[in-house]
$ cat start01.cif   # mmCIF, C-alpha atoms and all ligand atoms
data_data
loop_
_atom_site.label_atom_id
_atom_site.label_comp_id
_atom_site.auth_asym_id
_atom_site.auth_seq_id
_atom_site.Cartn_x
_atom_site.Cartn_y
_atom_site.Cartn_z
CA MET Z 1166 30.35 3.54 -1.22
CA ASP Z 1167 28.69 2.51 -4.51
CA ARG Z 1168 24.94 2.19 -4.38
CA VAL Z 1169 23.41 -0.91 -5.97
CA LEU Z 1170 20.37 0.28 -7.90
CA PRO Z 1171 17.44 -2.12 -7.65
CA ARG Z 1172 16.48 -3.98 -10.82
CA PRO Z 1173 13.42 -2.24 -12.32
CA LEU Z 1174 10.20 -4.25 -11.96
CA ILE Z 1175 7.48 -1.65 -12.55
CA SER Z 1176 8.41 1.52 -14.46
CA GLU Z 1177 7.30 5.04 -13.66
CA ASP Z 1178 5.00 5.03 -16.71
CA GLU Z 1179 3.40 1.72 -15.76
CA LEU Z 1180 2.82 2.98 -12.22
CA GLN Z 1181 1.21 6.22 -13.37
CA HIS Z 1182 -0.98 4.49 -15.93
CA ARG Z 1183 -2.29 1.94 -13.43
CA ILE Z 1184 -2.82 4.62 -10.76
CA SER Z 1185 -5.05 6.55 -13.20
CA GLU Z 1186 -7.14 3.39 -13.66
CA LEU Z 1187 -7.45 2.89 -9.89
CA ALA Z 1188 -8.51 6.53 -9.44
CA ALA Z 1189 -11.23 6.07 -12.07
CA GLU Z 1190 -12.52 2.97 -10.23
CA ILE Z 1191 -12.58 4.83 -6.91
CA ASP Z 1192 -14.40 7.79 -8.51
CA ARG Z 1193 -17.03 5.47 -9.92
CA ASP Z 1194 -17.60 3.60 -6.65
CA TYR Z 1195 -17.69 6.59 -4.31
CA ARG Z 1196 -19.65 9.04 -6.51
CA ASP Z 1197 -22.63 8.90 -4.14
CA GLN Z 1198 -20.76 8.18 -0.91
CA GLU Z 1199 -18.78 11.30 -0.21
CA PRO Z 1200 -16.95 12.58 1.68
CA LEU Z 1201 -14.44 9.82 1.54
CA LEU Z 1202 -11.86 9.53 4.32
CA CYS Z 1203 -8.58 8.30 2.81
CA ILE Z 1204 -6.13 6.96 5.38
CA GLY Z 1205 -2.54 6.36 4.26
CA ILE Z 1206 -0.38 3.87 6.14
CA LEU Z 1207 2.94 5.61 6.83
CA LYS Z 1208 5.49 5.82 5.46
CA GLY Z 1209 5.48 3.62 2.39
CA SER Z 1210 2.13 4.72 0.96
CA VAL Z 1211 2.95 8.41 0.69
CA PHE Z 1212 4.13 8.59 -2.96
CA PHE Z 1213 1.24 6.37 -4.09
CA MET Z 1214 -1.35 8.27 -2.07
CA VAL Z 1215 -0.32 11.64 -3.49
CA ASP Z 1216 -0.39 10.46 -7.11
CA LEU Z 1217 -3.67 8.60 -6.61
CA LEU Z 1218 -5.55 11.39 -4.86
CA LYS Z 1219 -4.42 14.00 -7.40
CA ARG Z 1220 -6.45 11.98 -9.92
CA VAL Z 1221 -9.51 11.17 -7.78
CA THR Z 1222 -12.25 13.75 -8.32
CA VAL Z 1223 -14.70 12.88 -5.50
CA PRO Z 1224 -14.09 15.07 -2.43
CA VAL Z 1225 -11.73 13.45 0.06
CA LYS Z 1226 -10.37 14.04 3.53
CA ILE Z 1227 -6.95 12.63 4.28
CA ASP Z 1228 -5.31 11.25 7.39
CA PHE Z 1229 -2.43 8.92 8.27
CA LEU Z 1230 -1.81 5.92 10.49
CA GLN Z 1231 1.57 4.42 11.34
CA THR Z 1232 1.98 0.85 12.52
CA SER Z 1233 4.88 -1.30 13.57
CA SER Z 1234 5.23 -5.04 13.79
CA TYR Z 1235 6.96 -6.88 16.60
CA ARG Z 1236 8.15 -10.35 15.73
CA SER Z 1237 9.31 -12.95 18.22
CA GLY Z 1238 11.00 -15.91 16.55
CA THR Z 1239 8.71 -17.27 13.87
CA THR Z 1240 5.52 -15.99 15.51
CA PRO Z 1241 3.70 -13.54 13.25
CA GLY Z 1242 4.23 -9.96 14.31
CA GLU Z 1243 1.93 -8.27 16.74
CA ILE Z 1244 0.81 -5.06 15.08
CA ARG Z 1245 0.93 -1.89 17.16
CA ILE Z 1246 -0.24 1.62 16.38
CA ARG Z 1247 2.65 4.13 16.47
CA LYS Z 1248 0.67 7.09 15.18
CA ASP Z 1249 -3.11 7.09 15.26
CA VAL Z 1250 -5.48 8.99 12.95
CA ASP Z 1251 -6.67 12.45 14.00
CA ILE Z 1252 -10.06 12.38 12.27
CA ALA Z 1253 -12.91 10.40 13.92
CA ILE Z 1254 -13.76 7.21 12.04
CA ARG Z 1255 -17.36 6.64 13.20
CA GLY Z 1256 -19.92 6.93 10.41
CA LYS Z 1257 -17.29 7.58 7.69
CA HIS Z 1258 -16.61 5.81 4.44
CA VAL Z 1259 -12.94 4.87 4.90
CA LEU Z 1260 -10.47 3.97 2.17
CA ILE Z 1261 -7.16 2.63 3.47
CA ILE Z 1262 -4.24 3.38 1.16
CA GLU Z 1263 -1.28 1.03 1.49
CA ASP Z 1264 1.93 0.45 -0.45
CA ILE Z 1265 2.05 -3.33 -0.26
CA VAL Z 1266 0.14 -6.23 1.28
CA ASP Z 1267 2.51 -9.03 2.20
CA THR Z 1268 1.48 -11.53 4.93
CA GLY Z 1269 -1.71 -9.50 5.49
CA HIS Z 1270 -1.22 -9.12 9.26
CA THR Z 1271 -0.95 -5.32 9.16
CA LEU Z 1272 -4.01 -4.77 7.03
CA SER Z 1273 -6.21 -7.33 8.74
CA THR Z 1274 -5.47 -5.57 12.06
CA VAL Z 1275 -6.09 -2.08 10.64
CA LEU Z 1276 -9.31 -3.14 8.86
CA GLY Z 1277 -10.57 -4.69 12.11
CA LEU Z 1278 -9.69 -1.57 14.07
CA PHE Z 1279 -11.59 0.79 11.76
CA ARG Z 1280 -14.63 -1.50 11.70
CA PHE Z 1281 -14.54 -1.67 15.51
CA ARG Z 1282 -14.48 2.14 15.61
CA GLY Z 1283 -17.75 2.28 13.67
CA ALA Z 1284 -16.75 3.19 10.11
CA LYS Z 1285 -19.73 3.12 7.73
CA SER Z 1286 -17.59 1.20 5.25
CA VAL Z 1287 -13.92 0.22 5.05
CA LYS Z 1288 -12.16 -0.63 1.81
CA LEU Z 1289 -8.52 -1.20 0.94
CA CYS Z 1290 -6.48 0.18 -1.94
CA ALA Z 1291 -2.98 -1.32 -2.22
CA LEU Z 1292 -0.45 -0.56 -4.94
CA LEU Z 1293 1.24 -3.97 -4.67
CA ASP Z 1294 -0.10 -7.34 -3.65
CA LYS Z 1295 2.32 -10.15 -2.75
CA HIS Z 1296 -0.59 -12.56 -2.85
CA LYS Z 1297 1.55 -15.71 -2.55
CA ALA Z 1298 2.93 -14.53 0.80
CA ARG Z 1299 -0.45 -14.23 2.48
CA GLU Z 1300 -0.82 -15.69 6.00
CA VAL Z 1301 -4.16 -14.05 6.84
CA ALA Z 1302 -6.93 -13.42 4.33
CA VAL Z 1303 -7.30 -9.77 3.34
CA ASN Z 1304 -9.61 -8.54 0.63
CA VAL Z 1305 -7.83 -5.94 -1.52
CA ASP Z 1306 -10.66 -3.92 -3.09
CA TYR Z 1307 -8.39 -1.86 -5.36
CA SER Z 1308 -5.17 -3.62 -6.28
CA GLY Z 1309 -2.49 -2.06 -8.46
CA PHE Z 1310 -0.15 -4.94 -9.29
CA LYS Z 1311 0.17 -8.53 -8.15
CA ILE Z 1312 3.84 -9.37 -7.68
CA ASP Z 1313 5.92 -12.40 -6.78
CA ASN Z 1314 7.29 -12.94 -3.31
CA VAL Z 1315 10.35 -10.70 -3.79
CA PHE Z 1316 11.60 -7.75 -1.76
CA VAL Z 1317 10.77 -4.53 -3.58
CA VAL Z 1318 11.86 -0.96 -2.97
CA GLY Z 1319 11.26 2.46 -4.49
CA TYR Z 1320 8.26 4.74 -4.96
CA GLY Z 1321 7.90 5.01 -1.18
CA LEU Z 1322 8.98 1.49 -0.25
CA ASP Z 1323 12.21 1.15 1.67
CA LEU Z 1324 14.93 -1.10 2.89
CA ASP Z 1325 16.04 0.35 6.23
CA GLU Z 1326 14.79 3.79 5.08
CA ARG Z 1327 16.73 3.64 1.78
CA TYR Z 1328 15.43 3.76 -1.80
CA ARG Z 1329 12.06 5.42 -1.04
CA GLU Z 1330 12.86 8.27 -3.45
CA LEU Z 1331 13.21 6.08 -6.57
CA PRO Z 1332 10.42 6.90 -9.07
CA TYR Z 1333 9.97 3.23 -9.99
CA ILE Z 1334 9.52 -0.09 -8.16
CA GLY Z 1335 12.61 -2.28 -8.19
CA VAL Z 1336 13.63 -5.64 -6.81
CA TYR Z 1337 16.35 -5.54 -4.20
CA GLU Z 1338 18.81 -8.32 -4.98
CA PRO Z 1339 21.82 -8.04 -2.68
CA ASP Z 1340 23.47 -11.21 -3.96
CA GLY Z 1341 22.56 -10.89 -7.65
CA ASP Z 1342 19.94 -13.65 -7.70
CA GLU Z 1343 18.22 -14.60 -10.92
CA PRO Z 1344 15.47 -12.13 -11.83
CA SER Z 1345 11.90 -13.20 -11.02
CA GLU Z 1346 8.94 -13.10 -13.41
CA PRO Z 1347 7.69 -9.66 -14.44
CA SER Z 1348 4.66 -8.32 -12.60
CA GLU Z 1349 1.19 -8.03 -14.08
CA PRO Z 1350 -1.57 -5.60 -13.30
CA SER Z 1351 -4.06 -7.37 -11.02
CA GLU Z 1352 -7.67 -7.74 -12.07
P1 LIG Z 1401 2.31 -7.45 6.16
O1 LIG Z 1401 1.73 -7.15 7.51
O2 LIG Z 1401 3.20 -8.65 6.19
O3 LIG Z 1401 1.26 -7.52 5.07
O4 LIG Z 1401 3.33 -6.30 5.85
C1 LIG Z 1401 3.01 -5.09 5.27
C2 LIG Z 1401 4.17 -4.13 5.45
O5 LIG Z 1401 5.44 -4.79 5.34
C3 LIG Z 1401 4.16 -3.10 4.33
O6 LIG Z 1401 3.39 -1.98 4.70
C4 LIG Z 1401 5.62 -2.75 4.21
O7 LIG Z 1401 5.95 -1.76 5.13
C5 LIG Z 1401 6.35 -4.02 4.60
N1 LIG Z 1401 6.78 -4.79 3.43
C6 LIG Z 1401 6.34 -6.01 3.03
N2 LIG Z 1401 6.96 -6.41 1.92
C7 LIG Z 1401 7.80 -5.42 1.57
C8 LIG Z 1401 8.73 -5.24 0.47
O8 LIG Z 1401 8.89 -6.08 -0.44
N3 LIG Z 1401 9.42 -4.07 0.45
C9 LIG Z 1401 9.28 -3.12 1.41
N4 LIG Z 1401 8.44 -3.24 2.44
C10 LIG Z 1401 7.70 -4.38 2.52
#

$ encode --input "start01.cif" --output "structure tokens"
Amino acid sequence: MDRVLPRPLISEDELQHRISELAAEIDRDYRDQEPLLCIGILKGSVFFMVDLLKRVTVPVKIDFLQTSSYRSGTTPGEIRIRKDVDIAIRGKHVLIIEDIVDTGHTLSTVLGLFRFRGAKSVKLCALLDKHKAREVAVNVDYSGFKIDNVFVVGYGLDLDERYRELPYIGVYEPDGDEPSEPSEPSE
């Protein structure tokens, strides 16, 4: 069966350039607050997390959390923890690393959880921000790119576990819809 390749939205070069800028911001902010506990949200954040943390120079510890969302009808999904972190959160400076913030339900739950567990600080670094799709307010401290409300795949993001391995971010357009506006780095 032929594979429809997603239309490129953010190239490999653009991703790597922006990730270097994010790493420099993180270095600057956490210079005096080490060690930093970086928690990746599985599985989509993995490619981003690796490239980002190879460029960060402050000492980090890494861990992972996996969530799932249960939707019933139009009710926003209830977020559940499928795999919890192994490292204790209390007293740590935590940086959550996420592929994309969409409605915000996942991240608002995870941020609340880490604060409840006594983190010294909790910040969020997200590669992509679908800001127009937000249903709950979430402050993205380090934001790679703001994008339109389109379904994107590649560079860790999937559609039913497909396309994660693509080195770029592409828009999945099953019915050949008109392309949306290009993305811009967020401020
Ligand atoms: P939220 O709770 O609605 O913010 O959803 C966040 C999660 O939904 C992300 O971690 C992704 O797993 C998934 N997601 C949202 N939009 C996309 C997309 O365009 N492509 C792939 N996954 C997405």

$ closest_atom_pairs --input "start01.cif" --of "region 1256-1311 of chain Z" --to "region 1204-1224 of chain Z" --cutoff "7 Å" --atoms "only C-alpha atoms" --output "CSV"
residue,atom,partner,partner_atom,distance
Z:Leu1260,CA,Z:Ile1204,CA,6.2
Z:Ile1261,CA,Z:Ile1204,CA,4.8
Z:Ile1262,CA,Z:Gly1205,CA,4.6
Z:Glu1263,CA,Z:Ser1210,CA,5.1
Z:Asp1264,CA,Z:Ser1210,CA,4.5

$ write_last_selection --input "start01.cif" --atoms "C-alpha atoms" --output "mmCIF file, in the coordinates of the input"
data_model
loop_
_atom_site.group_PDB
_atom_site.id
_atom_site.type_symbol
_atom_site.label_atom_id
_atom_site.label_comp_id
_atom_site.auth_asym_id
_atom_site.auth_seq_id
_atom_site.Cartn_x
_atom_site.Cartn_y
_atom_site.Cartn_z
ATOM 1 C CA LEU Z 1260 -10.470 3.970 2.170
ATOM 2 C CA ILE Z 1261 -7.160 2.630 3.470
ATOM 3 C CA ILE Z 1262 -4.240 3.380 1.160
ATOM 4 C CA GLU Z 1263 -1.280 1.030 1.490
ATOM 5 C CA ASP Z 1264 1.930 0.450 -0.450
#

$ atom_distance --input "start01.cif" --atom1 "atom C7 of ligand LIG 1401 (chain Z)" --atom2 "CA of Ile1265 (chain Z)"
6.4 Å

$ closest_residue --input "start01.cif" --among "Z:Asp1267, Z:Arg1282, Z:Pro1339, Z:Val1305" --to "ligand LIG 1401 (chain Z)" --atoms "all atoms listed in the file"
Z:Asp1267

$ residues_near_ligand --input "start01.cif" --ligand "ligand LIG 1401 (chain Z)" --cutoff "7 Å" --atoms "only C-alpha atoms and all ligand atoms" --output "MDAnalysis selection string"
chainID Z and resid 1209 1263:1272 1315:1318 1322:1324

$ atom_distance --input "start01.cif" --atom1 "CA of Ala1284 (chain Z)" --atom2 "CA of Ser1308 (chain Z)"
21.2 Å

$ atom_distance --input "start01.cif" --atom1 "CA of Ser1234 (chain Z)" --atom2 "CA of Arg1329 (chain Z)"
19.4 Å

$ closest_residue --input "start01.cif" --among "Z:Ala1188, Z:Val1336, Z:Leu1276, Z:Val1250" --to "Tyr1307 (chain Z)" --atoms "all atoms listed in the file"
Z:Ala1188

$ closest_residue --input "start01.cif" --among "Z:Val1303, Z:Ile1227, Z:Ile1252, Z:Cys1290" --to "Gly1277 (chain Z)" --atoms "only C-alpha atoms"
Z:Val1303

$ closest_residue --input "start01.cif" --among "Z:Ser1185, Z:Ser1286, Z:Asn1314, Z:Ser1273" --to "Ala1302 (chain Z)" --atoms "only C-alpha atoms"
Z:Ser1273

$ residues_around --input "start01.cif" --residues "Gly1283 (chain Z)" --least-positions-apart "2" --cutoff "10 Å" --atoms "all atoms listed in the file" --output "compact mmCIF listing (two decimals) with C-alpha atoms, keeping the file's coordinate frame"
# COMPACT_ATOMS: atom_id res chain seq x y z
CA ALA Z 1253 -12.91 10.40 13.92
CA ILE Z 1254 -13.76 7.21 12.04
CA ARG Z 1255 -17.36 6.64 13.20
CA GLY Z 1256 -19.92 6.93 10.41
CA LYS Z 1257 -17.29 7.58 7.69
CA HIS Z 1258 -16.61 5.81 4.44
CA LEU Z 1278 -9.69 -1.57 14.07
CA PHE Z 1279 -11.59 0.79 11.76
CA ARG Z 1280 -14.63 -1.50 11.70
CA PHE Z 1281 -14.54 -1.67 15.51
CA LYS Z 1285 -19.73 3.12 7.73
CA SER Z 1286 -17.59 1.20 5.25
CA VAL Z 1287 -13.92 0.22 5.05

$ residues_around --input "start01.cif" --residues "Leu1293 (chain Z)" --least-positions-apart "6" --cutoff "6 Å" --atoms "only C-alpha atoms" --output "list in words"
Ile1265, Gly1309, Phe1310 and Lys1311 of chain Z
